[in-house]
Amino acid sequence: MNNICVYCELDEGKIADVSFELLSKGRKLAGQLDCKLEALLIGHNLSGFEKQLFQYGTDIVYIADDKRLSPYTTFPHTSIIVNLFRETKPQIGLMGATTIGRDLGPRVSSALASGLTADCTELEIGDHEEKKSNKIYKNLLYQIRPAFGGNIIATIINPEHKPQMATVREGVMKKEPVTDYREGKMIILDVKKYLDDTDFAVKIIDRHIEKSRINIKNSPVIVSGGYGVGSADNFNLLFDLASLIGGEVGASRAAVDAGFTDRARQVGQTGVTVRPKLYIACGISGQIQHLAGMQESKIIISVNTDPNAPINKIANYVIHGRIETVLPKMIKYYKANTK
Ligand SMILES: Cc1cc2nc3c(=O)[nH]c(=O)nc-3n(C[C@H](O)[C@H](O)[C@H](O)COP(=O)(O)OP(=O)(O)OC[C@H]3O[C@@H](n4cnc5c(N)ncnc54)[C@H](O)[C@@H]3O)c2cc1C
């Protein structure tokens with residue numbers, strides 16, 4: 001059976017979280033398909049990186065190490081993936097729906113004429129019966145993602161072309177190292193074989209990366225505000241509570257669109273996916289596009305004036321009231337109880 005291959009991305013010299021998340025999912029899918037899980041790492045000075053990949057149950061690690069491959073540029077990375085996939089013929093190819101993954105994914109799938117589903121929120125294995133031809137396809141990759149503005153959840157399959165390719169956004173899948181670590185096989189690629197001089201037609205002369213000021217993705221506590229917060233001034237209440245309890249401030253798209261806070265704080269289908277220990281949703285109604293980014297939170301507290309707000313259905317605790325009165329009380333009593 002052909003294997004599953006995850007393109008592992010480097011972020012400032014470290015393997016990106018999304019790659020570990022994909023390997024964790026890939027491990028499960030490989031178990032179901034009874035095939036091997038492969039990782040492909042492209043860059044420079046990669047010695048020792050394979051150990052981190054084996055921690056996620058990777059059976060085979062392909063390493064393409066050359067100083068011309070770091071920092072990332074489109075053409076050489078595309079060529080290595082395309083040529084390796086032509087050789088190894090994986091049945092499934094996965095990458096993060098990051099800036100790099102969004103650049104690479106369509107190029108690779110177009111070169112291999114394979115098709116690709118972007119921004120999947122779930123990946124499963126299943127069969128498909130083609131009613132017209134009575135043909136049954138076994139063990140396909142179900143590429144699941146919201147469609148039509150988030151109003152439906154679509155399951156997309158790719159029965160005739162391989163590899164079945166998908167990108168998945170950061171934070172959507174769980175990062176789960178395996179408990180039974182075992183050293184897999186490492187294959188160092190002879191990069192010359194996979195590259196052409198034309199791959200280096202674009203040269204990086206200067207590189208300037210603006211560091212993101214806001215990073216809510218890894219915060220264990222998020223106090224998130226919606227349109228019901230009412231103003232940028234009222235958002236200060238959320239910042240006060242968040243700094244008191246050691247959290248970050250998130251927001252719904254309606255709050256961002258209204259200019260109450262920065263876009264980098266947006267949680268949801270077109271924002272960041274988070275799974276904190278505690279998510280306090282203040283004045284957020286809980287539309288499906290918002291829930292898509294936070295429903296895996298461990299504990300959800302909803303503060304809302306509407307007792308029937310959809311978010312209350314998934315909340316562990318509901319505080320029925322206006323944020324202008326509830327939040328100052330939360331701040332006051334938290335301070336009193338932690339003196
Ligand atoms: C393609 C697409 C992608 C989208 N992506 C995202 C996304 O990534 N993230 C996202 O969030 N949305 C997204 N949306 C928008 C989404 O559909 C909703 O419009 C949005 O989530 C609503 O935000 P909200 O809950 O803050 O506002 P509303 O739906 O207006 O809800 C406001 C809530 O505040 C409550 N409220 C009002 N006043 C108070 C008060 N004083 N105190 C307490 N509660 C109060 C109300 O009862 C209500 O429940 C997307 C939509 C589309 C079509």
# chains A, B, ... in the order shown; residues from 1 in each chain; ligands from 1
$ residues_around --residues "Ala309 of chain A" --least-positions-apart "6" --cutoff "10 Å" --atoms "only C-alpha atoms" --output "NGL selection string"
:A and (283-287 or 302-303 or 318)
$ closest_atom_pairs --of "segment 187-222 of chain A" --to "segment 10-17 of chain A" --cutoff "12 Å" --atoms "only C-alpha atoms" --output "Markdown table"
| residue | atom | partner | partner_atom | distance |
| --- | --- | --- | --- | --- |
| A:Ile209 | CA | A:Glu12 | CA | 10.4 |
| A:Lys211 | CA | A:Glu12 | CA | 10.9 |
| A:Lys217 | CA | A:Asp17 | CA | 10.7 |
| A:Asn218 | CA | A:Asp17 | CA | 10.3 |
$ write_last_selection --atoms "C-alpha atoms" --output "CSV table (one decimal), in the first residue's frame"
chain,number,residue,atom,x,y,z
A,209,ILE,CA,10.1,39.7,8.3
A,211,LYS,CA,7.4,39.7,13.8
A,217,LYS,CA,-2.8,30.5,19.2
A,218,ASN,CA,-0.8,29.1,22.1
$ residues_near_ligand --ligand "ligand 1" --cutoff "8 Å" --atoms "only C-alpha atoms and all ligand atoms" --output "PyMOL selection string"
chain A and resi 148-150+225-230+251-255+266-272+282-293+303-307+309-311+320-324
$ write_last_selection --atoms "C-alpha atoms" --output "PDB file, in the first residue's frame"
ATOM      1  CA  PHE A 148     -20.655  27.900   0.770  1.00  0.00           C
ATOM      2  CA  GLY A 149     -19.745  30.541   3.336  1.00  0.00           C
ATOM      3  CA  GLY A 150     -19.602  27.990   6.126  1.00  0.00           C
ATOM      4  CA  GLY A 225     -15.086  39.603  22.556  1.00  0.00           C
ATOM      5  CA  GLY A 226     -17.826  39.885  19.995  1.00  0.00           C
ATOM      6  CA  TYR A 227     -20.013  42.576  18.502  1.00  0.00           C
ATOM      7  CA  GLY A 228     -21.932  42.616  21.792  1.00  0.00           C
ATOM      8  CA  VAL A 229     -18.901  44.181  23.506  1.00  0.00           C
ATOM      9  CA  GLY A 230     -20.083  47.356  21.793  1.00  0.00           C
ATOM     10  CA  ALA A 251     -12.375  38.402  18.994  1.00  0.00           C
ATOM     11  CA  SER A 252     -15.154  37.478  16.614  1.00  0.00           C
ATOM     12  CA  ARG A 253     -15.064  38.676  13.029  1.00  0.00           C
ATOM     13  CA  ALA A 254     -17.956  41.069  13.681  1.00  0.00           C
ATOM     14  CA  ALA A 255     -15.920  42.723  16.452  1.00  0.00           C
ATOM     15  CA  GLN A 266      -9.892  36.962  15.126  1.00  0.00           C
ATOM     16  CA  VAL A 267     -10.900  33.439  16.070  1.00  0.00           C
ATOM     17  CA  GLY A 268     -12.763  31.232  13.624  1.00  0.00           C
ATOM     18  CA  GLN A 269     -12.955  29.827  10.156  1.00  0.00           C
ATOM     19  CA  THR A 270     -11.147  32.777   8.587  1.00  0.00           C
ATOM     20  CA  GLY A 271      -9.140  33.605  11.682  1.00  0.00           C
ATOM     21  CA  VAL A 272      -7.083  31.570  14.105  1.00  0.00           C
ATOM     22  CA  CYS A 282     -18.101  37.855  25.823  1.00  0.00           C
ATOM     23  CA  GLY A 283     -20.964  39.158  23.683  1.00  0.00           C
ATOM     24  CA  ILE A 284     -20.399  36.499  21.010  1.00  0.00           C
ATOM     25  CA  SER A 285     -23.489  34.857  19.526  1.00  0.00           C
ATOM     26  CA  GLY A 286     -21.703  31.685  18.386  1.00  0.00           C
ATOM     27  CA  GLN A 287     -22.171  31.431  14.631  1.00  0.00           C
ATOM     28  CA  ILE A 288     -20.764  28.295  13.019  1.00  0.00           C
ATOM     29  CA  GLN A 289     -17.791  30.192  11.547  1.00  0.00           C
ATOM     30  CA  HIS A 290     -16.754  31.339  15.023  1.00  0.00           C
ATOM     31  CA  LEU A 291     -17.348  27.952  16.649  1.00  0.00           C
ATOM     32  CA  ALA A 292     -15.115  26.336  13.997  1.00  0.00           C
ATOM     33  CA  GLY A 293     -12.166  28.120  15.604  1.00  0.00           C
ATOM     34  CA  VAL A 303     -21.286  35.996  28.908  1.00  0.00           C
ATOM     35  CA  ASN A 304     -24.315  37.097  26.943  1.00  0.00           C
ATOM     36  CA  THR A 305     -27.532  39.068  27.310  1.00  0.00           C
ATOM     37  CA  ASP A 306     -29.400  36.507  25.206  1.00  0.00           C
ATOM     38  CA  PRO A 307     -30.086  33.275  27.099  1.00  0.00           C
ATOM     39  CA  ALA A 309     -27.452  32.582  22.061  1.00  0.00           C
ATOM     40  CA  PRO A 310     -26.184  29.542  20.090  1.00  0.00           C
ATOM     41  CA  ILE A 311     -22.825  29.650  21.892  1.00  0.00           C
ATOM     42  CA  HIS A 320     -26.614  35.803  31.587  1.00  0.00           C
ATOM     43  CA  GLY A 321     -25.941  39.542  31.629  1.00  0.00           C
ATOM     44  CA  ARG A 322     -24.273  42.563  30.082  1.00  0.00           C
ATOM     45  CA  ILE A 323     -20.511  42.447  29.759  1.00  0.00           C
ATOM     46  CA  GLU A 324     -20.359  45.999  31.166  1.00  0.00           C
TER      47      GLU A 324
END
$ residues_around --residues "Lys277 of chain A" --least-positions-apart "5" --cutoff "9 Å" --atoms "only C-alpha atoms" --output "PyMOL selection string"
chain A and resi 219-222+297-300
$ write_last_selection --atoms "C-alpha atoms" --output "mmCIF file, in the first residue's frame"
data_model
loop_
_atom_site.group_PDB
_atom_site.id
_atom_site.type_symbol
_atom_site.label_atom_id
_atom_site.label_comp_id
_atom_site.auth_asym_id
_atom_site.auth_seq_id
_atom_site.Cartn_x
_atom_site.Cartn_y
_atom_site.Cartn_z
ATOM 1 C CA SER A 219 -2.455 30.981 24.961
ATOM 2 C CA PRO A 220 -4.034 28.649 27.559
ATOM 3 C CA VAL A 221 -6.644 31.283 28.442
ATOM 4 C CA ILE A 222 -8.511 33.465 25.946
ATOM 5 C CA SER A 297 -11.607 24.627 24.025
ATOM 6 C CA LYS A 298 -11.572 22.664 27.293
ATOM 7 C CA ILE A 299 -13.893 24.971 29.239
ATOM 8 C CA ILE A 300 -16.108 27.602 27.650
#
$ select_by_dssp --residues "segment 228-312 of chain A" --states "helix (DSSP H, G or I)" --output "PyMOL selection string"
chain A and resi 228-229+232-245+253-257+263-265+288-291+311-312
$ atom_distance --atom1 "atom CA of Asn308 of chain A" --atom2 "atom CA of Glu296 of chain A"
20.7 Å
$ residues_around --residues "Ile188 of chain A" --least-positions-apart "3" --cutoff "7 Å" --atoms "only C-alpha atoms" --output "count of residues only"
3
$ closest_atom_pairs --of "segment 98-207 of chain A" --to "segment 33-57 of chain A" --cutoff "10 Å" --atoms "only C-alpha atoms" --output "Markdown table"
| residue | atom | partner | partner_atom | distance |
| --- | --- | --- | --- | --- |
| A:Ile125 | CA | A:Leu33 | CA | 8.0 |
| A:Asn139 | CA | A:Leu33 | CA | 7.1 |
| A:Leu140 | CA | A:Leu33 | CA | 9.5 |
| A:Lys175 | CA | A:Tyr56 | CA | 8.5 |
| A:Glu176 | CA | A:Tyr56 | CA | 6.8 |
| A:Pro177 | CA | A:Tyr56 | CA | 4.5 |
| A:Val178 | CA | A:Tyr56 | CA | 5.3 |
| A:Thr179 | CA | A:Gln55 | CA | 8.3 |
| A:Asp180 | CA | A:Gly57 | CA | 8.2 |
| A:Tyr181 | CA | A:Gln55 | CA | 5.7 |
| A:Arg182 | CA | A:Phe54 | CA | 6.7 |
| A:Glu183 | CA | A:Phe54 | CA | 6.0 |
| A:Gly184 | CA | A:Phe54 | CA | 6.2 |
| A:Lys185 | CA | A:Phe54 | CA | 9.0 |
| A:Met186 | CA | A:Glu50 | CA | 7.2 |
| A:Ile187 | CA | A:Leu40 | CA | 9.6 |
| A:Ile188 | CA | A:Leu41 | CA | 9.9 |
| A:Leu189 | CA | A:Ile42 | CA | 9.7 |
| A:Val191 | CA | A:Ile42 | CA | 9.6 |
$ write_last_selection --atoms "N, CA and C atoms" --output "short mmCIF file (atom, residue, chain, number, x, y, z; two decimals), in the first residue's frame"
data_model
loop_
_atom_site.label_atom_id
_atom_site.label_comp_id
_atom_site.auth_asym_id
_atom_site.auth_seq_id
_atom_site.Cartn_x
_atom_site.Cartn_y
_atom_site.Cartn_z
N ILE A 125 -10.89 8.53 6.69
CA ILE A 125 -10.78 7.53 5.63
C ILE A 125 -12.16 6.89 5.45
N ASN A 139 -11.27 3.07 0.83
CA ASN A 139 -10.22 3.78 1.58
C ASN A 139 -9.74 5.08 0.96
N LEU A 140 -10.70 5.93 0.65
CA LEU A 140 -10.33 7.25 0.12
C LEU A 140 -10.10 8.22 1.27
N LYS A 175 -1.80 18.02 18.34
CA LYS A 175 -0.40 17.57 18.28
C LYS A 175 -0.24 16.46 19.31
N GLU A 176 -0.01 15.24 18.86
CA GLU A 176 0.04 14.12 19.80
C GLU A 176 1.27 13.24 19.57
N PRO A 177 2.35 13.48 20.32
CA PRO A 177 3.51 12.60 20.17
C PRO A 177 3.11 11.18 20.55
N VAL A 178 3.77 10.19 19.96
CA VAL A 178 3.40 8.80 20.29
C VAL A 178 4.03 8.41 21.62
N THR A 179 3.44 7.45 22.29
CA THR A 179 3.99 7.03 23.59
C THR A 179 5.11 6.00 23.39
N ASP A 180 5.03 5.24 22.28
CA ASP A 180 6.05 4.21 22.03
C ASP A 180 7.03 4.70 20.95
N TYR A 181 7.98 5.58 21.38
CA TYR A 181 8.95 6.14 20.42
C TYR A 181 9.78 5.04 19.77
N ARG A 182 9.82 5.05 18.47
CA ARG A 182 10.77 4.15 17.82
C ARG A 182 11.42 4.88 16.65
N GLU A 183 12.71 4.59 16.51
CA GLU A 183 13.50 5.25 15.47
C GLU A 183 13.06 4.69 14.12
N GLY A 184 12.66 5.56 13.24
CA GLY A 184 12.28 5.10 11.90
C GLY A 184 13.49 5.13 10.97
N LYS A 185 13.21 5.18 9.68
CA LYS A 185 14.29 5.17 8.70
C LYS A 185 14.50 6.59 8.19
N MET A 186 15.78 6.97 8.03
CA MET A 186 16.04 8.31 7.50
C MET A 186 16.68 8.18 6.12
N ILE A 187 16.14 8.90 5.16
CA ILE A 187 16.70 8.84 3.81
C ILE A 187 17.16 10.25 3.42
N ILE A 188 18.48 10.38 3.21
CA ILE A 188 19.01 11.68 2.81
C ILE A 188 18.93 11.76 1.29
N LEU A 189 18.23 12.75 0.80
CA LEU A 189 18.05 12.85 -0.65
C LEU A 189 19.27 13.51 -1.30
N VAL A 191 20.06 16.00 -3.37
CA VAL A 191 19.22 17.10 -3.87
C VAL A 191 19.49 17.45 -5.33
#
$ residues_around --residues "segment 97-114 of chain A" --least-positions-apart "4" --cutoff "10 Å" --atoms "only C-alpha atoms" --output "short mmCIF file (atom, residue, chain, number, x, y, z; two decimals) with C-alpha atoms, in the first residue's frame"
data_model
loop_
_atom_site.label_atom_id
_atom_site.label_comp_id
_atom_site.auth_asym_id
_atom_site.auth_seq_id
_atom_site.Cartn_x
_atom_site.Cartn_y
_atom_site.Cartn_z
CA TYR A 7 5.64 18.10 3.99
CA CYS A 8 7.19 19.49 7.17
CA GLU A 9 7.69 23.20 7.27
CA LEU A 10 10.41 25.11 9.06
CA ASP A 11 9.52 28.24 10.95
CA ALA A 16 6.34 24.29 12.59
CA VAL A 18 1.25 22.52 12.07
CA TYR A 72 12.27 28.84 1.73
CA THR A 73 11.81 29.72 -1.90
CA THR A 74 9.01 28.39 -4.06
CA PHE A 75 10.72 26.69 -7.01
CA HIS A 77 10.90 23.21 -2.68
CA THR A 78 8.23 22.55 -5.32
CA SER A 79 10.68 20.60 -7.49
CA ILE A 80 11.85 18.41 -4.63
CA ILE A 81 8.31 17.54 -3.55
CA VAL A 82 7.08 16.93 -7.10
CA ASN A 83 10.06 14.77 -8.07
CA PHE A 85 6.26 12.21 -5.10
CA ARG A 86 6.78 10.99 -8.70
CA GLY A 93 0.13 14.23 0.57
CA ALA A 118 -7.44 23.63 0.88
CA ASP A 119 -8.14 24.48 4.52
CA CYS A 120 -9.55 21.13 5.63
CA ASN A 158 -10.44 12.51 -5.13
CA PRO A 159 -10.99 8.92 -6.28
CA GLU A 160 -9.08 8.78 -9.53
CA HIS A 161 -5.94 10.83 -8.93
CA LYS A 162 -3.07 10.34 -6.54
CA PRO A 163 -1.76 11.68 -4.30
CA GLN A 164 -4.92 12.85 -2.61
CA MET A 165 -3.73 16.24 -1.39
CA ALA A 166 -5.00 18.48 1.36
CA THR A 167 -3.87 21.47 3.38
CA VAL A 168 -4.96 21.93 7.00
CA ARG A 169 -4.83 25.13 9.02
CA GLU A 170 -2.70 25.51 12.13
#
$ closest_residue --among "A:Val223, A:Ile319, A:Ile157, A:Ala264" --to "Arg145 of chain A" --atoms "only C-alpha atoms"
A:Ile157
$ atom_distance --atom1 "atom CA of Arg68 of chain A" --atom2 "atom CA of Leu116 of chain A"
27.5 Å
